[in-house]
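This is final-v2.cif. It holds mmCIF, C-alpha atoms and all ligand atoms.
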data_final
#
loop_
_atom_site.label_atom_id
_atom_site.label_comp_id
_atom_site.auth_asym_id
_atom_site.auth_seq_id
_atom_site.Cartn_x
_atom_site.Cartn_y
_atom_site.Cartn_z
CA MET N 294 88.58 -67.58 -44.36
CA ALA N 295 89.04 -69.70 -47.49
CA ASN N 296 91.73 -68.57 -49.92
CA VAL N 297 90.17 -66.60 -52.79
CA ALA N 298 91.68 -67.46 -56.17
CA PRO N 299 93.07 -64.42 -57.96
CA ALA N 300 91.23 -63.17 -61.04
CA VAL N 301 94.34 -64.02 -63.05
CA ASN N 302 97.17 -66.31 -62.06
CA ILE N 303 99.98 -66.73 -64.57
CA ALA N 304 102.61 -69.24 -63.48
CA ASN N 305 105.89 -69.91 -65.32
CA LEU N 306 104.45 -68.92 -68.69
CA SER N 307 106.58 -69.45 -71.77
CA PHE N 308 105.43 -68.68 -75.28
CA GLN N 309 107.06 -68.29 -78.69
CA TYR N 310 105.34 -67.50 -81.99
CA PRO N 311 106.13 -70.26 -84.50
CA GLY N 312 108.89 -69.01 -86.79
CA ASN N 313 110.11 -66.24 -84.46
CA GLU N 314 113.74 -66.39 -83.39
CA ALA N 315 113.14 -65.52 -79.75
CA PRO N 316 110.40 -66.37 -77.26
CA SER N 317 107.85 -63.69 -76.36
CA PHE N 318 107.81 -64.82 -72.72
CA THR N 319 110.02 -67.08 -70.64
CA ASN N 320 108.90 -68.10 -67.16
CA LEU N 321 106.60 -65.13 -66.70
CA ASN N 322 104.66 -64.89 -63.43
CA LEU N 323 101.84 -62.48 -62.76
CA GLN N 324 98.91 -62.35 -60.36
CA ILE N 325 95.97 -59.99 -60.57
CA ALA N 326 93.65 -59.93 -57.56
CA LYS N 327 89.87 -59.89 -57.91
CA GLY N 328 88.32 -56.45 -58.03
CA GLU N 329 91.39 -54.64 -59.33
CA ARG N 330 91.55 -52.06 -62.09
CA PHE N 331 94.77 -53.37 -63.54
CA GLY N 332 96.75 -51.60 -66.27
CA LEU N 333 99.31 -53.41 -68.40
CA PHE N 334 101.65 -50.95 -70.08
CA GLY N 335 104.73 -51.07 -72.22
CA PRO N 336 106.26 -49.76 -75.44
CA ASN N 337 105.24 -50.97 -78.90
CA GLY N 338 106.09 -54.62 -79.29
CA ALA N 339 106.48 -55.25 -75.53
CA GLY N 340 104.02 -58.15 -75.69
CA LYS N 341 100.83 -56.66 -74.22
CA THR N 342 98.47 -57.94 -76.92
CA THR N 343 100.24 -61.31 -76.98
CA LEU N 344 99.76 -61.63 -73.22
CA MET N 345 96.08 -60.64 -73.47
CA ASN N 346 95.59 -63.23 -76.21
CA LEU N 347 97.21 -65.86 -73.98
CA MET N 348 95.08 -64.86 -70.96
CA THR N 349 91.90 -65.10 -73.04
CA GLY N 350 92.88 -68.41 -74.65
CA LEU N 351 93.27 -67.10 -78.21
CA LEU N 352 96.90 -68.20 -78.05
CA LYS N 353 98.11 -71.31 -76.25
CA ALA N 354 101.03 -71.26 -73.82
CA ASP N 355 104.01 -73.51 -74.63
CA GLU N 356 104.81 -73.97 -70.93
CA GLY N 357 103.22 -72.92 -67.66
CA THR N 358 99.62 -72.20 -66.78
CA ILE N 359 97.11 -69.36 -66.78
CA ALA N 360 94.07 -69.58 -64.51
CA LEU N 361 91.11 -67.20 -64.36
CA ASN N 362 89.28 -67.31 -61.00
CA GLY N 363 91.15 -70.56 -60.37
CA ILE N 364 90.02 -72.24 -63.63
CA LYS N 365 92.76 -73.09 -66.11
CA VAL N 366 92.49 -71.44 -69.51
CA GLY N 367 92.41 -74.01 -72.30
CA ARG N 368 91.04 -76.82 -70.12
CA HIS N 369 87.38 -75.94 -69.55
CA LYS N 370 86.82 -73.72 -72.53
CA TYR N 371 83.08 -73.17 -72.15
CA ARG N 372 83.25 -72.43 -68.41
CA VAL N 373 86.26 -70.15 -68.83
CA ASN N 374 84.76 -68.24 -71.78
CA ARG N 375 81.74 -67.25 -69.73
CA LEU N 376 83.92 -65.94 -66.90
CA PHE N 377 85.40 -63.10 -68.87
CA GLY N 378 84.65 -60.51 -71.50
CA PHE N 379 87.17 -59.35 -74.08
CA VAL N 380 87.20 -55.99 -75.82
CA PRO N 381 89.90 -56.45 -78.43
CA GLN N 382 91.80 -53.71 -80.24
CA ASP N 383 90.28 -54.75 -83.58
CA PHE N 384 86.52 -54.43 -83.93
CA SER N 385 84.91 -57.78 -83.22
CA PHE N 386 81.35 -57.30 -84.47
CA TYR N 387 79.39 -57.70 -87.69
CA GLN N 388 79.55 -54.44 -89.62
CA GLU N 389 76.46 -55.25 -91.69
CA LEU N 390 74.30 -55.78 -88.58
CA SER N 391 72.85 -53.09 -86.31
CA PRO N 392 74.17 -52.68 -82.73
CA LYS N 393 70.94 -54.28 -81.49
CA GLU N 394 71.39 -57.31 -83.77
CA ASN N 395 75.06 -57.61 -82.78
CA LEU N 396 74.18 -57.59 -79.07
CA GLU N 397 71.43 -60.16 -79.62
CA PHE N 398 73.81 -62.39 -81.55
CA PHE N 399 76.58 -62.25 -78.94
CA GLY N 400 74.09 -62.58 -76.07
CA ALA N 401 72.83 -65.82 -77.63
CA TRP N 402 76.41 -66.97 -78.21
CA TYR N 403 77.03 -66.59 -74.46
CA GLY N 404 73.93 -68.71 -73.78
CA LEU N 405 71.79 -65.94 -72.25
CA ASN N 406 68.02 -66.38 -72.43
CA SER N 407 65.97 -64.08 -74.65
CA GLN N 408 64.56 -62.05 -71.77
CA VAL N 409 68.03 -61.28 -70.38
CA ILE N 410 69.31 -60.50 -73.89
CA LYS N 411 66.51 -57.98 -74.44
CA GLN N 412 67.03 -56.33 -71.07
CA LYS N 413 70.85 -56.12 -71.42
CA THR N 414 70.59 -54.94 -75.03
CA ASP N 415 68.23 -52.09 -74.09
CA GLU N 416 70.37 -51.15 -71.08
CA LEU N 417 73.69 -51.17 -72.97
CA LEU N 418 72.34 -49.25 -76.00
CA GLN N 419 71.13 -46.60 -73.56
CA VAL N 420 74.34 -46.44 -71.50
CA MET N 421 76.51 -46.29 -74.63
CA GLY N 422 74.42 -43.54 -76.22
CA LEU N 423 73.38 -45.81 -79.11
CA ALA N 424 69.64 -46.07 -78.46
CA ASP N 425 68.76 -43.70 -81.33
CA VAL N 426 70.82 -45.70 -83.85
CA ARG N 427 69.92 -49.14 -82.54
CA ASP N 428 68.61 -50.32 -85.94
CA LYS N 429 71.27 -48.74 -88.22
CA GLN N 430 74.07 -50.79 -89.72
CA VAL N 431 77.24 -50.46 -87.64
CA GLN N 432 79.32 -49.88 -90.79
CA GLN N 433 77.77 -46.39 -91.03
CA PHE N 434 79.01 -45.45 -87.54
CA SER N 435 81.91 -43.19 -86.54
CA GLY N 436 85.01 -44.74 -84.94
CA GLY N 437 83.89 -43.69 -81.45
CA MET N 438 80.45 -45.25 -81.90
CA LYS N 439 82.06 -48.47 -83.13
CA ARG N 440 84.30 -48.51 -80.00
CA ARG N 441 81.16 -48.27 -77.85
CA VAL N 442 79.54 -51.18 -79.76
CA ASN N 443 82.76 -53.20 -79.23
CA LEU N 444 82.62 -52.49 -75.50
CA ALA N 445 78.90 -53.28 -75.18
CA ILE N 446 79.47 -56.69 -76.78
CA GLY N 447 82.31 -57.44 -74.34
CA VAL N 448 80.08 -56.90 -71.30
CA ILE N 449 76.67 -58.27 -72.39
CA HIS N 450 77.08 -61.39 -70.22
CA ASN N 451 78.09 -59.48 -67.04
CA PRO N 452 81.60 -60.94 -66.94
CA GLY N 453 83.49 -61.05 -63.65
CA ILE N 454 86.73 -60.24 -65.49
CA LEU N 455 86.96 -57.81 -68.40
CA PHE N 456 90.00 -57.64 -70.68
CA LEU N 457 90.33 -54.41 -72.66
CA ASP N 458 93.02 -53.97 -75.31
CA GLU N 459 93.23 -50.23 -76.03
CA PRO N 460 89.47 -49.66 -75.69
CA THR N 461 89.65 -45.91 -76.36
CA VAL N 462 92.04 -45.76 -79.30
CA GLY N 463 90.99 -43.10 -81.81
CA VAL N 464 87.96 -41.78 -79.91
CA ASP N 465 87.02 -38.21 -79.00
CA VAL N 466 87.05 -36.77 -75.48
CA GLN N 467 83.33 -37.37 -74.91
CA THR N 468 83.51 -41.05 -75.86
CA ARG N 469 86.69 -41.50 -73.81
CA HIS N 470 84.95 -40.06 -70.73
CA ALA N 471 81.86 -42.18 -71.30
CA ILE N 472 83.93 -45.35 -71.66
CA ILE N 473 86.19 -44.68 -68.64
CA ASN N 474 83.24 -43.74 -66.40
CA TYR N 475 81.35 -46.84 -67.49
CA LEU N 476 84.39 -49.02 -66.71
CA ILE N 477 84.76 -47.46 -63.24
CA ASP N 478 81.07 -48.21 -62.56
CA LEU N 479 81.48 -51.80 -63.72
CA ASN N 480 84.45 -52.18 -61.37
CA LYS N 481 82.44 -50.77 -58.45
CA ASN N 482 79.93 -53.52 -59.13
CA GLY N 483 82.65 -56.16 -58.86
CA THR N 484 84.16 -56.60 -62.33
CA THR N 485 87.94 -56.95 -62.41
CA LEU N 486 89.38 -54.79 -65.21
CA ILE N 487 92.53 -55.70 -67.10
CA TYR N 488 93.42 -52.95 -69.48
CA THR N 489 96.15 -51.90 -71.92
CA SER N 490 96.58 -48.47 -73.41
CA HIS N 491 99.14 -45.99 -74.65
CA GLN N 492 97.09 -43.21 -73.02
CA LEU N 493 98.98 -42.97 -69.76
CA ASN N 494 97.02 -40.02 -68.37
CA GLU N 495 93.80 -41.95 -68.97
CA ALA N 496 95.36 -44.94 -67.23
CA GLU N 497 96.02 -42.81 -64.15
CA ASP N 498 92.28 -42.10 -63.93
CA LEU N 499 91.31 -45.72 -64.39
CA CYS N 500 93.92 -48.01 -62.85
CA ASN N 501 94.80 -48.69 -59.25
CA GLU N 502 97.37 -51.40 -60.04
CA VAL N 503 99.85 -51.37 -62.91
CA ALA N 504 102.53 -53.51 -64.48
CA LEU N 505 105.15 -52.27 -66.91
CA LEU N 506 106.09 -54.83 -69.53
CA ASP N 507 109.16 -54.52 -71.73
CA ASP N 508 110.57 -57.13 -74.06
CA GLY N 509 108.36 -59.81 -72.50
CA LYS N 510 109.46 -59.04 -68.93
CA ILE N 511 107.67 -57.29 -66.10
CA MET N 512 109.88 -54.33 -65.13
CA ALA N 513 107.68 -53.12 -62.27
CA GLN N 514 104.35 -54.03 -60.73
CA GLY N 515 102.31 -52.64 -57.88
CA GLY N 516 99.87 -50.01 -56.73
CA LEU N 517 100.11 -46.96 -58.98
CA ASN N 518 100.74 -44.52 -56.12
CA ASP N 519 103.22 -46.83 -54.39
CA LEU N 520 105.22 -47.26 -57.61
CA LEU N 521 105.34 -43.52 -58.27
CA LYS N 522 106.49 -42.89 -54.70
CA GLN N 523 109.01 -45.72 -54.73
CA HIS N 524 110.60 -44.57 -58.00
CA LYS N 525 110.24 -40.86 -57.12
CA HIS N 526 108.19 -39.88 -60.18
CA ASP N 527 105.17 -37.60 -60.43
CA ASP N 528 103.24 -39.43 -63.12
CA LEU N 529 103.04 -42.70 -65.01
CA GLU N 530 104.62 -41.27 -68.16
CA GLU N 531 107.81 -40.27 -66.29
CA LEU N 532 107.95 -43.67 -64.60
CA PHE N 533 107.35 -45.41 -67.92
CA LEU N 534 110.23 -43.55 -69.63
CA ALA N 535 112.55 -44.11 -66.66
CA LEU N 536 111.95 -47.87 -66.70
CA THR N 537 111.70 -48.55 -70.42
CA GLY N 538 114.04 -45.89 -71.88
CA LYS N 539 113.45 -43.34 -74.61
CA HIS N 540 114.51 -45.24 -77.73
CA PHE N 541 111.94 -46.23 -80.39
CA ARG N 542 110.75 -49.84 -80.43
CA ASP N 543 109.86 -50.25 -84.08
CA ASP N 544 109.65 -53.81 -85.30
CA VAL N 545 111.74 -54.60 -88.35
N1 LIG I 601 101.23 -63.39 -85.10
C1 LIG I 601 102.50 -63.09 -84.81
N2 LIG I 601 103.52 -63.81 -85.32
C2 LIG I 601 104.81 -63.53 -85.01
N3 LIG I 601 105.19 -62.51 -84.20
C3 LIG I 601 104.21 -61.75 -83.66
C4 LIG I 601 102.83 -61.99 -83.94
N4 LIG I 601 102.09 -61.07 -83.26
C5 LIG I 601 102.98 -60.30 -82.59
N5 LIG I 601 104.25 -60.70 -82.84
C6 LIG I 601 105.48 -60.13 -82.28
O1 LIG I 601 105.44 -60.21 -80.84
C7 LIG I 601 105.97 -59.01 -80.27
C8 LIG I 601 104.96 -58.43 -79.31
O2 LIG I 601 103.83 -57.96 -80.06
P1 LIG I 601 102.51 -57.44 -79.34
O3 LIG I 601 101.55 -57.05 -80.42
O4 LIG I 601 102.07 -58.43 -78.34
O5 LIG I 601 103.08 -56.13 -78.60
P2 LIG I 601 102.29 -54.93 -77.95
O6 LIG I 601 102.97 -54.64 -76.66
O7 LIG I 601 100.83 -55.22 -77.89
O8 LIG I 601 102.58 -53.75 -78.99
P3 LIG I 601 101.71 -52.45 -79.43
O9 LIG I 601 101.84 -51.49 -78.30
O10 LIG I 601 102.43 -51.98 -80.65
O11 LIG I 601 100.30 -52.91 -79.69
C9 LIG I 601 106.35 -58.10 -81.43
O12 LIG I 601 107.73 -58.22 -81.67
C10 LIG I 601 105.55 -58.64 -82.59
O13 LIG I 601 106.22 -58.44 -83.82
#

For the file at hand, write its structure as structure tokens.
Ligand SMILES: Nc1ncnc2c1ncn2[C@@H]1O[C@H](COP(=O)(O)OP(=O)(O)OP(=O)(O)O)[C@@H](O)[C@H]1O
Amino acid sequence: MANVAPAVNIANLSFQYPGNEAPSFTNLNLQIAKGERFGLFGPNGAGKTTLMNLMTGLLKADEGTIALNGIKVGRHKYRVNRLFGFVPQDFSFYQELSPKENLEFFGAWYGLNSQVIKQKTDELLQVMGLADVRDKQVQQFSGGMKRRVNLAIGVIHNPGILFLDEPTVGVDVQTRHAIINYLIDLNKNGTTLIYTSHQLNEAEDLCNEVALLDDGKIMAQGGLNDLLKQHKHDDLEELFLALTGKHFRDDV
């Protein structure tokens, strides 16, 4: 059988923000296989968002390469951009537009034809519980509704890889359940999920593979159950504290 390229292949990645004293990453290597529900965890300031921004091409590596499904990020921008969806921590839609208008706009941006845009827009508004408010301005929505709009936009083009940076921050239990169940369904249909969160109990429901990042280094990586067994911990929170320590990580 031919070798299948991993969903994400990071090789010898080095990156430093201009003006910072120390690099964020030096010679980092990470592979994420296709079809995984992969969780990237770590304390505040560990580098999770920076790594997501590098994987999605928002930041450019100083050294090393990142490939998605075997295609190098930064080289074939248009091809790479259509491979993945990104649900960033900050809302990435137009507040003055309705959810329907936002989905139509981003569908067109991804080059979908109008028939597909209409069908995906109707489907996503329904799945996300936004059908009744489809024509209202998003700026009038609650935080949980805005999170669902953010997610819908990230998946309108049926991406094979979906990056999610804290997709459930600040939402209620109902929205959290809806989002997690939707993500599990997407994964069953073949989408690789790459997810960060501080909600470790939620991560246990969602992820089958995890990596713990601290100070730009991967402290542990593997199947969630294998890691818990190997380190003799009952849950991800215990493992997290054991590997990253209990001290605060406030930036100064
Ligand atoms: N634009 C920037 N310029 C300079 N330094 C930055 C920039 N963005 C982030 N950093 C620094 O890089 C480090 C990693 O930040 P990052 O936001 O990637 O961490 P994180 O793991 O996502 O944290 P959190 O859990 O708090 O979201 C921090 O020390 C942060 O101060």

Checklist entry - N:Leu499, N:Val420, N:Ala339, N:Leu532: which is nearest N:Ala471, counting only C-alpha atoms? => result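 Of N:Leu499, N:Val420, N:Ala339, N:Leu532, the one nearest N:Ala471, counting only C-alpha atoms, is N:Val420.
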
Checklist entry - Residues within 7 Å of ligand LIG 601 (chain I) (only C-alpha atoms and all ligand atoms), as a PyMOL selection string? => result chain N and resi 310-311+313+317+335-344+544

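Between N:Ser385 and the residues N:Asp458, N:Asp527, N:Asp478, N:Asp355, the shortest atom-to-atom distance, using all atoms listed in the file, involves N:Asp458.
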
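Residue nearest N:Lys393, chosen from N:Arg330, N:His526, N:Arg427, N:His450 and counting all atoms listed in the file: N:Arg427.
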
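Proximity ranking of N:Thr468, N:Asn395, N:Asn451, N:Gln419 relative to N:Gln432 places N:Asn395 first, based on only C-alpha atoms.
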
Checklist entry - Can you tell me, as a count of residues only, what residues are no more than 10 Å from N:Pro381 when counting all atoms listed in the file, ignoring any on the same chain fewer than 6 positions away? => result 12

Checklist entry - What is the distance between atom CA of N:Ala298 and atom CA of N:Thr358, in Å to one decimal? => result 14.1 Å

Next on the checklist: Quick one: residues within 10 Å of N:Gln388, only C-alpha atoms, excluding same-chain residues fewer than 4 positions away - as a list in words?
Outcome noted: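 With the cut-off at 10 Å, the set is Phe384, Pro392, Asn395, Gln430, Val431, Gln432, Gln433, Phe434 and Lys439 of chain N.
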
Next on the checklist: Using only C-alpha atoms and a cutoff of 8 Å, can you tell me which residues are near (98.5, -56.1, -57.1) in the file's coordinates, and write them out as a count of residues only?
Outcome noted: 10

Next on the checklist: I need the residue nearest N:Met512 from this list: N:Phe399, N:Ala300, N:Thr319, N:Phe334. Use all atoms listed in the file for the distance.
Outcome noted: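 Of N:Phe399, N:Ala300, N:Thr319, N:Phe334, the one nearest N:Met512 is N:Phe334, counting all atoms listed in the file.
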
Next on the checklist: Just to confirm, what's the straight-line distance from atom CA of N:Arg542 to atom CA of N:Leu321 in Å (one decimal)?
Outcome noted: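 Atom-to-atom, atom CA of N:Arg542 to atom CA of N:Leu321, that is 21.0 Å.
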
Item to check | Atom pair atom CA of N:Phe318 / atom CA of N:Leu306: separation (Å) | outcome: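 One can read the atom CA of N:Phe318 to atom CA of N:Leu306 distance as 6.7 Å.
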
With 3 Å of padding per side, what axis-aligned box (centre and edge lengths, Å, one decimal) covers all the listed atoms of stretch 319-338 of chain N? Give it as JSON.
{"center_x": 99.2, "center_y": -58.9, "center_z": -68.4, "size_x": 27.7, "size_y": 24.3, "size_z": 27.7}

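Among the candidates N:Leu351, N:Leu517, N:Leu390, N:Leu476, the residue lying nearest to N:Val426 is N:Leu390 (atoms considered: all atoms listed in the file).
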